Structure formats: structure tokens, C-alpha cells
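This is structure_24.cif. It holds mmCIF, C-alpha atoms.
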data_run
loop_
_atom_site.group_PDB
_atom_site.id
_atom_site.type_symbol
_atom_site.label_atom_id
_atom_site.label_comp_id
_atom_site.auth_asym_id
_atom_site.auth_seq_id
_atom_site.Cartn_x
_atom_site.Cartn_y
_atom_site.Cartn_z
ATOM 1 C CA MET A 1 0.000 0.000 0.000
ATOM 2 C CA THR A 2 1.320 3.429 -0.813
ATOM 3 C CA ARG A 3 1.260 6.494 1.382
ATOM 4 C CA HIS A 4 -1.321 7.912 -1.018
ATOM 5 C CA ASP A 5 -3.623 4.973 -0.312
ATOM 6 C CA ASP A 6 -3.086 5.414 3.419
ATOM 7 C CA ALA A 7 -3.977 9.106 3.163
ATOM 8 C CA ILE A 8 -7.184 8.168 1.373
ATOM 9 C CA ARG A 9 -8.076 5.642 4.094
ATOM 10 C CA LEU A 10 -7.331 8.174 6.840
ATOM 11 C CA ARG A 11 -9.536 10.669 5.027
ATOM 12 C CA HIS A 12 -12.333 8.106 4.767
ATOM 13 C CA MET A 13 -12.044 7.463 8.497
ATOM 14 C CA LEU A 14 -12.232 11.183 9.179
ATOM 15 C CA ASP A 15 -15.153 11.832 6.852
ATOM 16 C CA TYR A 16 -17.314 8.969 8.109
ATOM 17 C CA ALA A 17 -16.514 9.617 11.771
ATOM 18 C CA ALA A 18 -17.413 13.272 11.304
ATOM 19 C CA GLU A 19 -20.630 12.320 9.536
ATOM 20 C CA ALA A 20 -21.622 10.029 12.420
ATOM 21 C CA VAL A 21 -20.947 12.745 14.997
ATOM 22 C CA GLU A 22 -22.874 15.295 12.955
ATOM 23 C CA MET A 23 -25.785 12.908 12.431
ATOM 24 C CA ALA A 24 -26.039 12.372 16.199
ATOM 25 C CA ARG A 25 -25.877 16.097 17.000
ATOM 26 C CA GLY A 26 -29.139 17.241 18.536
ATOM 27 C CA ARG A 27 -30.325 13.673 18.977
ATOM 28 C CA CYS A 28 -30.516 11.587 22.146
ATOM 29 C CA ARG A 29 -29.681 8.011 23.032
ATOM 30 C CA ALA A 30 -33.366 6.995 22.932
ATOM 31 C CA ASP A 31 -33.463 7.936 19.241
ATOM 32 C CA LEU A 32 -31.371 4.849 18.478
ATOM 33 C CA GLU A 33 -34.238 2.670 19.609
ATOM 34 C CA GLY A 34 -37.011 4.876 18.285
ATOM 35 C CA ASP A 35 -35.613 5.558 14.828
ATOM 36 C CA ARG A 36 -34.425 2.428 13.051
ATOM 37 C CA GLN A 37 -32.996 4.326 10.080
ATOM 38 C CA PHE A 38 -30.947 6.519 12.413
ATOM 39 C CA CYS A 39 -29.664 3.462 14.261
ATOM 40 C CA LEU A 40 -28.736 1.616 11.070
ATOM 41 C CA ALA A 41 -27.089 4.682 9.557
ATOM 42 C CA LEU A 42 -25.002 5.376 12.654
ATOM 43 C CA THR A 43 -23.975 1.725 12.906
ATOM 44 C CA HIS A 44 -22.963 1.656 9.261
ATOM 45 C CA LEU A 45 -20.925 4.853 9.485
ATOM 46 C CA VAL A 46 -18.972 3.431 12.432
ATOM 47 C CA GLU A 47 -18.459 0.171 10.522
ATOM 48 C CA ILE A 48 -16.969 2.099 7.610
ATOM 49 C CA VAL A 49 -14.544 3.910 9.928
ATOM 50 C CA GLY A 50 -13.318 0.511 11.118
ATOM 51 C CA GLU A 51 -13.167 -0.934 7.623
ATOM 52 C CA ALA A 52 -11.034 1.959 6.397
ATOM 53 C CA ALA A 53 -8.796 1.587 9.470
ATOM 54 C CA ALA A 54 -8.284 -2.090 8.672
ATOM 55 C CA HIS A 55 -6.717 -1.108 5.350
ATOM 56 C CA VAL A 56 -4.208 1.393 6.724
ATOM 57 C CA SER A 57 -0.666 0.031 6.485
ATOM 58 C CA ALA A 58 1.311 -0.991 9.552
ATOM 59 C CA GLU A 59 3.847 1.722 8.775
ATOM 60 C CA GLU A 60 1.177 4.408 8.748
ATOM 61 C CA ARG A 61 -0.356 3.044 11.949
ATOM 62 C CA ASP A 62 3.061 3.339 13.586
ATOM 63 C CA ARG A 63 3.160 7.007 12.603
ATOM 64 C CA HIS A 64 -0.165 7.615 14.350
ATOM 65 C CA ARG A 65 0.165 5.757 17.628
ATOM 66 C CA ALA A 66 -2.454 7.910 19.367
ATOM 67 C CA ILE A 67 -5.145 6.242 17.247
ATOM 68 C CA PRO A 68 -6.423 3.044 18.892
ATOM 69 C CA TRP A 69 -6.155 0.960 15.713
ATOM 70 C CA VAL A 70 -6.957 -2.402 17.285
ATOM 71 C CA GLY A 71 -10.027 -0.982 18.987
ATOM 72 C CA VAL A 72 -11.323 0.784 15.877
ATOM 73 C CA VAL A 73 -10.963 -2.311 13.706
ATOM 74 C CA GLY A 74 -12.250 -4.560 16.494
ATOM 75 C CA LEU A 75 -15.373 -2.444 16.843
ATOM 76 C CA ARG A 76 -16.032 -2.801 13.139
ATOM 77 C CA ASN A 77 -15.740 -6.573 13.467
ATOM 78 C CA ARG A 78 -18.068 -6.668 16.452
ATOM 79 C CA LEU A 79 -20.680 -4.572 14.657
ATOM 80 C CA VAL A 80 -20.526 -6.624 11.475
ATOM 81 C CA HIS A 81 -20.294 -10.100 12.982
ATOM 82 C CA GLY A 82 -22.384 -9.408 16.064
ATOM 83 C CA TYR A 83 -25.013 -7.396 14.218
ATOM 84 C CA ASP A 84 -27.755 -9.005 16.272
ATOM 85 C CA LYS A 85 -26.135 -8.120 19.608
ATOM 86 C CA VAL A 86 -25.204 -4.450 19.199
ATOM 87 C CA ASP A 87 -25.299 -2.657 22.550
ATOM 88 C CA LEU A 88 -26.859 0.664 21.619
ATOM 89 C CA GLN A 89 -25.532 2.390 24.739
ATOM 90 C CA ILE A 90 -21.970 1.467 23.747
ATOM 91 C CA LEU A 91 -22.588 2.624 20.173
ATOM 92 C CA TRP A 92 -23.988 5.917 21.460
ATOM 93 C CA ASP A 93 -21.058 6.448 23.818
ATOM 94 C CA ILE A 94 -18.584 5.757 21.024
ATOM 95 C CA VAL A 95 -20.233 8.330 18.783
ATOM 96 C CA GLN A 96 -20.468 10.882 21.595
ATOM 97 C CA TYR A 97 -17.047 10.452 23.195
ATOM 98 C CA ASP A 98 -14.656 8.314 21.170
ATOM 99 C CA LEU A 99 -15.285 9.546 17.645
ATOM 100 C CA PRO A 100 -14.679 13.226 18.466
ATOM 101 C CA ALA A 101 -11.276 12.292 19.925
ATOM 102 C CA LEU A 102 -10.552 10.113 16.889
ATOM 103 C CA ILE A 103 -11.455 13.003 14.591
ATOM 104 C CA VAL A 104 -8.895 15.212 16.347
ATOM 105 C CA GLU A 105 -6.158 12.601 15.849
ATOM 106 C CA LEU A 106 -7.105 11.990 12.223
ATOM 107 C CA ARG A 107 -7.040 15.709 11.497
ATOM 108 C CA LYS A 108 -3.548 15.888 13.008
ATOM 109 C CA GLY A 109 -2.448 12.893 10.963
ATOM 110 C CA LEU A 110 -3.705 14.514 7.805
ATOM 111 C CA GLY A 111 -2.044 17.820 8.642
ATOM 112 C CA MET A 112 -5.362 19.568 9.207
ATOM 113 C CA SER A 113 -4.976 20.560 12.850
#
What is this file in C-alpha cells?
Amino acid sequence: MTRHDDAIRLRHMLDYAAEAVEMARGRCRADLEGDRQFCLALTHLVEIVGEAAAHVSAEERDRHRAIPWVGVVGLRNRLVHGYDKVDLQILWDIVQYDLPALIVELRKGLGMS
């Protein structure tokens, strides 16, 4: 994988994480249970962040050690393979607390800070 490909994957992670955070803005945790489309969309956006992370090279991951690569990819795997057991409180907390921090690190990694 080239550095160009890695930059594209980092940008995908940033874009989809930002979209998830923006989609949740002004909403509440109960909306995940009351609005199936919202729940599915948020889940899918987080899955894409993890999928893009899975394709970032080991060298690039080493350059961005503040990003919890194993956790991001692991979350994607749990959402995809455990689709019938998604804990909506954990998903909500990730979108509210973890993704904003991830966005900061991705922006730094892309030279956007």
C-alpha cells in the first residue's frame, strides 16, 4: 500500500466519523431505539470507519500511535459479525465520546490541525 492509499483511508475514516458525529448532533440516546434508520445509519458509518482503518498500512499506523487501531478495527468486526447483539448504549457512547477524539487525531495525521 502506498502512502497515497493510506492518506485516502485516513480521510475516509475522518469523513465517516465526522458524519456520524454530525448525524447524532441534537439527537438523544433513545433515538437509536425509536428511529431504526438513524440506528442503522449510525452503525454503518462506524463500521466504515473501522473498515477503512483495517486497510491502513502498519507503517502508517506506527506514525499515528495515538489512534487506537486495534479498537477501531475490532469495533467494526463486532458490529458486522455481532449485528444481532449491538449494545446501543456502547454505540452511542462511542459516537459521543470516542469519535470526536478520533477526529482530532485523524485531522492531526492529515495535517489539518
**For Glu33 (chain A), the nearest of the candidates A:Asp87, A:Glu105, A:Asp15, A:Asp93, counting all atoms listed in the file** = A:Asp87
**Request:** Go through the shown structure with the PyMOL selection byres ((chain A and resi 41) around 12) and write out the matching residues as number ranges by chain.
**Result:** A: 16-17, 19-24, 32, 35-40, 42-48, 91
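When CA of Val73 (chain A) is paired with CA of Arg11 (chain A), their separation reads 15.7 Å.
Using all atoms listed in the file, the shortest contact distance between Gly109 (chain A) and any of A:Val72, A:Val86, A:Ile67, A:Ala30 is found at A:Ile67.
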Might you spell out which residues the PyMOL selection byres ((chain A and resi 51) around 12) would select in the displayed file, as a short mmCIF file (atom, residue, chain, number, x, y, z; two decimals) with C-alpha atoms, in the coordinates of the input?
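So out10.cif came out as:
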data_model
loop_
_atom_site.label_atom_id
_atom_site.label_comp_id
_atom_site.auth_asym_id
_atom_site.auth_seq_id
_atom_site.Cartn_x
_atom_site.Cartn_y
_atom_site.Cartn_z
CA ARG A 9 -8.08 5.64 4.09
CA LEU A 10 -7.33 8.17 6.84
CA HIS A 12 -12.33 8.11 4.77
CA MET A 13 -12.04 7.46 8.50
CA TYR A 16 -17.31 8.97 8.11
CA ALA A 17 -16.51 9.62 11.77
CA HIS A 44 -22.96 1.66 9.26
CA LEU A 45 -20.92 4.85 9.48
CA VAL A 46 -18.97 3.43 12.43
CA GLU A 47 -18.46 0.17 10.52
CA ILE A 48 -16.97 2.10 7.61
CA VAL A 49 -14.54 3.91 9.93
CA GLY A 50 -13.32 0.51 11.12
CA ALA A 52 -11.03 1.96 6.40
CA ALA A 53 -8.80 1.59 9.47
CA ALA A 54 -8.28 -2.09 8.67
CA HIS A 55 -6.72 -1.11 5.35
CA VAL A 56 -4.21 1.39 6.72
CA TRP A 69 -6.16 0.96 15.71
CA VAL A 70 -6.96 -2.40 17.28
CA GLY A 71 -10.03 -0.98 18.99
CA VAL A 72 -11.32 0.78 15.88
CA VAL A 73 -10.96 -2.31 13.71
CA GLY A 74 -12.25 -4.56 16.49
CA LEU A 75 -15.37 -2.44 16.84
CA ARG A 76 -16.03 -2.80 13.14
CA ASN A 77 -15.74 -6.57 13.47
CA ARG A 78 -18.07 -6.67 16.45
CA LEU A 79 -20.68 -4.57 14.66
CA VAL A 80 -20.53 -6.62 11.48
#
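As for CA of Asp31 (chain A) and CA of Ala18 (chain A), they are spaced 18.7 Å apart.
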**Å distance separating CA of Arg29 (chain A) from CA of Trp92 (chain A), one decimal place** = 6.3 Å
Spell out the residues picked by the PyMOL selection byres ((chain A and resi 58-60) around 9) here, as a PDB file with C-alpha atoms, in the frame of the given file.
ATOM      1  CA  ARG A   3       1.260   6.494   1.382  1.00  0.00           C
ATOM      2  CA  ASP A   6      -3.086   5.414   3.419  1.00  0.00           C
ATOM      3  CA  ALA A   7      -3.977   9.106   3.163  1.00  0.00           C
ATOM      4  CA  VAL A  56      -4.208   1.393   6.724  1.00  0.00           C
ATOM      5  CA  SER A  57      -0.666   0.031   6.485  1.00  0.00           C
ATOM      6  CA  ARG A  61      -0.356   3.044  11.949  1.00  0.00           C
ATOM      7  CA  ASP A  62       3.061   3.339  13.586  1.00  0.00           C
ATOM      8  CA  ARG A  63       3.160   7.007  12.603  1.00  0.00           C
ATOM      9  CA  HIS A  64      -0.165   7.615  14.350  1.00  0.00           C
TER      10      HIS A  64
END
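Distances here use only C-alpha atoms; by that measure, the residue among A:Lys85, A:Arg65, A:Arg27, A:Arg107 closest to Leu14 (chain A) is A:Arg107.
Nearest residue to Ile103 (chain A) among A:Ile8, A:Ala66, A:Cys28, A:Leu88 is A:Ala66, counting all atoms listed in the file.
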